[in-house]
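What follows is upload_14.tsv (TSV, C-alpha atoms).
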```
chain	number	residue	atom	x	y	z
A	1	MET	CA	0.00	0.00	0.00
A	2	LYS	CA	2.80	2.45	0.89
A	3	LYS	CA	4.46	1.66	-2.43
A	4	THR	CA	1.24	2.46	-4.32
A	5	ILE	CA	0.83	5.79	-2.50
A	6	LEU	CA	4.48	6.67	-3.19
A	7	ILE	CA	4.12	5.89	-6.90
A	8	ALA	CA	0.87	7.87	-7.14
A	9	SER	CA	2.52	10.84	-5.39
A	10	LEU	CA	5.49	10.71	-7.76
A	11	LEU	CA	3.22	10.58	-10.80
A	12	LEU	CA	1.24	13.59	-9.55
A	13	SER	CA	4.49	15.49	-8.94
A	14	VAL	CA	5.77	14.73	-12.43
A	15	SER	CA	2.40	15.74	-13.88
A	16	SER	CA	2.47	19.04	-11.94
A	17	ILE	CA	5.99	19.78	-13.14
A	18	GLY	CA	4.91	19.14	-16.71
A	19	LEU	CA	1.92	21.48	-16.36
A	20	ALA	CA	4.11	24.16	-14.76
A	21	GLN	CA	6.54	23.91	-17.67
A	22	ASP	CA	3.65	24.17	-20.14
A	23	ASP	CA	2.38	27.31	-18.37
A	24	LEU	CA	5.86	28.85	-18.31
A	25	LYS	CA	6.23	28.18	-22.02
A	26	ALA	CA	2.79	29.73	-22.70
A	27	VAL	CA	3.49	32.83	-20.58
A	28	ARG	CA	6.83	33.31	-22.34
A	29	ALA	CA	5.03	32.99	-25.72
A	30	THR	CA	2.55	35.72	-24.68
A	31	LEU	CA	5.39	38.01	-23.59
A	32	THR	CA	7.22	37.29	-26.86
A	33	ASP	CA	4.08	38.26	-28.81
A	34	TYR	CA	4.14	41.59	-26.95
A	35	MET	CA	7.88	42.20	-27.46
A	36	GLU	CA	8.08	41.11	-31.09
A	37	GLY	CA	4.69	42.55	-32.01
A	38	THR	CA	5.70	46.02	-30.82
A	39	SER	CA	9.15	45.70	-32.36
A	40	LYS	CA	8.02	44.48	-35.78
A	41	GLY	CA	4.72	46.32	-36.11
A	42	GLN	CA	2.68	43.11	-35.88
A	43	ILE	CA	-0.63	44.38	-34.55
A	44	ALA	CA	-2.27	40.94	-34.35
A	45	ARG	CA	0.50	39.73	-32.04
A	46	ILE	CA	0.12	42.74	-29.75
A	47	LYS	CA	-3.65	42.19	-29.58
A	48	ARG	CA	-3.14	38.47	-28.93
A	49	ALA	CA	-0.89	39.25	-25.94
A	50	PHE	CA	-3.33	41.57	-24.10
A	51	THR	CA	-6.93	41.40	-22.97
A	52	THR	CA	-9.19	44.03	-24.53
A	53	ASN	CA	-9.61	45.65	-21.10
A	54	ALA	CA	-5.89	45.85	-20.33
A	55	ALA	CA	-4.23	49.15	-19.52
A	56	LEU	CA	-0.72	50.50	-19.12
A	57	TYR	CA	0.26	52.43	-16.03
A	58	SER	CA	3.16	54.77	-15.39
A	59	VAL	CA	3.92	57.96	-13.48
A	60	ASN	CA	3.47	61.42	-15.00
A	61	PRO	CA	6.24	64.02	-14.51
A	62	ASP	CA	4.12	65.65	-11.78
A	63	GLY	CA	3.99	62.36	-9.84
A	64	THR	CA	0.40	61.47	-10.71
A	65	GLU	CA	-0.79	58.20	-12.17
A	66	LYS	CA	-0.90	57.85	-15.95
A	67	ARG	CA	-3.33	55.25	-17.36
A	68	LEU	CA	-3.31	54.33	-21.02
A	69	PRO	CA	-6.01	51.96	-22.38
A	70	ILE	CA	-4.59	49.13	-24.46
A	71	ALA	CA	-6.51	50.23	-27.59
A	72	THR	CA	-4.78	53.63	-27.45
A	73	TYR	CA	-1.39	51.96	-26.95
A	74	ILE	CA	-1.92	49.61	-29.90
A	75	GLY	CA	-2.84	52.66	-32.01
A	76	TYR	CA	0.74	53.92	-31.61
A	77	PHE	CA	1.97	51.05	-33.80
A	78	LYS	CA	1.57	50.75	-37.56
A	79	GLU	CA	1.27	47.37	-39.26
A	80	GLY	CA	4.62	46.25	-40.69
A	81	GLN	CA	6.51	49.28	-39.38
A	82	SER	CA	9.52	48.06	-37.40
A	83	ARG	CA	10.91	49.97	-34.45
A	84	ASP	CA	14.27	49.96	-32.77
A	85	ARG	CA	13.08	47.86	-29.80
A	86	LYS	CA	14.87	44.89	-28.30
A	87	GLY	CA	13.12	43.03	-25.51
A	88	LYS	CA	14.06	40.33	-23.07
A	89	ILE	CA	12.23	38.48	-20.34
A	90	ILE	CA	13.94	38.98	-16.98
A	91	SER	CA	11.67	36.90	-14.75
A	92	VAL	CA	8.36	35.06	-14.60
A	93	ASP	CA	6.46	33.88	-11.51
A	94	ILE	CA	3.37	31.69	-11.91
A	95	VAL	CA	0.92	30.44	-9.30
A	96	ASN	CA	-2.02	28.46	-10.68
A	97	ASP	CA	-3.80	30.81	-13.13
A	98	ALA	CA	-2.02	34.05	-12.22
A	99	ALA	CA	1.44	35.29	-13.13
A	100	HIS	CA	3.65	38.32	-13.11
A	101	ALA	CA	6.67	38.99	-15.26
A	102	LYS	CA	9.45	41.51	-15.61
A	103	VAL	CA	10.48	42.51	-19.12
A	104	GLU	CA	13.15	44.94	-20.30
A	105	ILE	CA	12.85	46.81	-23.57
A	106	ILE	CA	15.75	48.76	-25.03
A	107	SER	CA	14.62	51.40	-27.50
A	108	GLY	CA	17.34	53.73	-28.71
A	109	ASN	CA	18.86	55.37	-25.65
A	110	THR	CA	15.95	54.42	-23.39
A	111	LYS	CA	15.45	51.33	-21.24
A	112	PHE	CA	11.88	50.47	-20.29
A	113	THR	CA	11.24	48.13	-17.39
A	114	ASP	CA	7.80	46.54	-17.70
A	115	TYR	CA	5.97	44.68	-14.97
A	116	MET	CA	3.23	42.52	-16.46
A	117	LEU	CA	0.25	40.94	-14.71
A	118	LEU	CA	-1.13	37.93	-16.56
A	119	LEU	CA	-4.07	35.58	-16.12
A	120	LYS	CA	-4.68	32.17	-17.64
A	121	LEU	CA	-8.06	32.63	-19.33
A	122	LYS	CA	-10.09	30.21	-21.44
A	123	ASP	CA	-8.17	31.37	-24.54
A	124	GLY	CA	-4.73	31.19	-22.91
A	125	TRP	CA	-2.38	33.43	-20.97
A	126	LYS	CA	-3.11	37.15	-21.44
A	127	ILE	CA	-1.55	40.33	-20.11
A	128	ILE	CA	-4.21	42.15	-18.09
A	129	ASN	CA	-2.07	45.13	-17.01
A	130	LYS	CA	1.36	46.56	-17.53
A	131	SER	CA	3.13	49.07	-15.32
A	132	TYR	CA	6.38	50.51	-16.53
A	133	THR	CA	9.13	52.99	-15.99
A	134	ARG	CA	11.84	54.34	-18.24
A	135	GLU	CA	15.41	55.48	-17.78
A	136	ALA	CA	18.40	56.43	-19.90
A	137	ASN	CA	20.23	53.41	-21.28
A	138	ASN	CA	23.95	53.93	-20.89
```
Go through the file and emit its structure as structure tokens.
Amino acid sequence: MKKTILIASLLLSVSSIGLAQDDLKAVRATLTDYMEGTSKGQIARIKRAFTTNAALYSVNPDGTEKRLPIATYIGYFKEGQSRDRKGKIISVDIVNDAAHAKVEIISGNTKFTDYMLLLKLKDGWKIINKSYTREANN
């Protein structure tokens, strides 16, 4: 009996690890859609990465909150028009159907640090909000 319980526990652990790896791969794919979509002017990829209700948050020069609806943000990009943007995923943390990630984008002399909140919805992992800051890239 103990042997059966041990084997069942091991199988569940292996299954959980496999699911966690699948989720990590899916979150990274969503973040890649965001990074490459904004870099290459691929509007469909940007839309695929975010929920329609998502928003971007940052701080205005006067210290107040700046909120930008995702539709407005997507409007800044033109289909097929590449930009000088290089992105990389710094970290991802997933618990069940929620995740957060840190992404860095280098654009010209500016480095953006993005903090993404993601949820695993019926149509996959989606970015629900992004908060970001920018600084000079030396």
Item to check | Spatial neighbours of range 26-38 of chain A, max dist 6 Å, all atoms listed in the file, sep filter under 6 positions, as a PyMOL selection string | outcome: chain A and resi 45-46+49+87+125
Checklist entry - Which residue out of A:Lys25, A:Arg48, A:Lys130, A:Lys40 has the minimum interatomic distance to Val103 in chain A when all atoms listed in the file are used? => result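 Ranked by minimum distance to Val103 in chain A, first place goes to A:Lys130.
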Next on the checklist: For a test of reading the model, state the distance in Å between CA of Asp114 in chain A and CA of Ile90 in chain A, rounded to one decimal.
Outcome noted: 9.8 Å
Item to check | Minimum-distance residue to Ile106 in chain A, chosen among A:Asp62, A:Asp93, A:Ser39, A:Ala55 (using all atoms listed in the file) | outcome: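 Under the stated criterion, the closest residue is A:Ser39.
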Next on the checklist: Every residue with an atom at most 7 Å from (0.3, 40.3, -15.6) (file coordinates; all atoms listed in the file) is what I'm after, so could you write them as a ChimeraX atom specification?
Outcome noted: /A:99-101,116-119,127-130
Item to check | Residue nearest Asn138 in chain A among A:Phe77, A:Thr72, A:Lys102, A:Asn109 (counting all atoms listed in the file) | outcome: A:Asn109
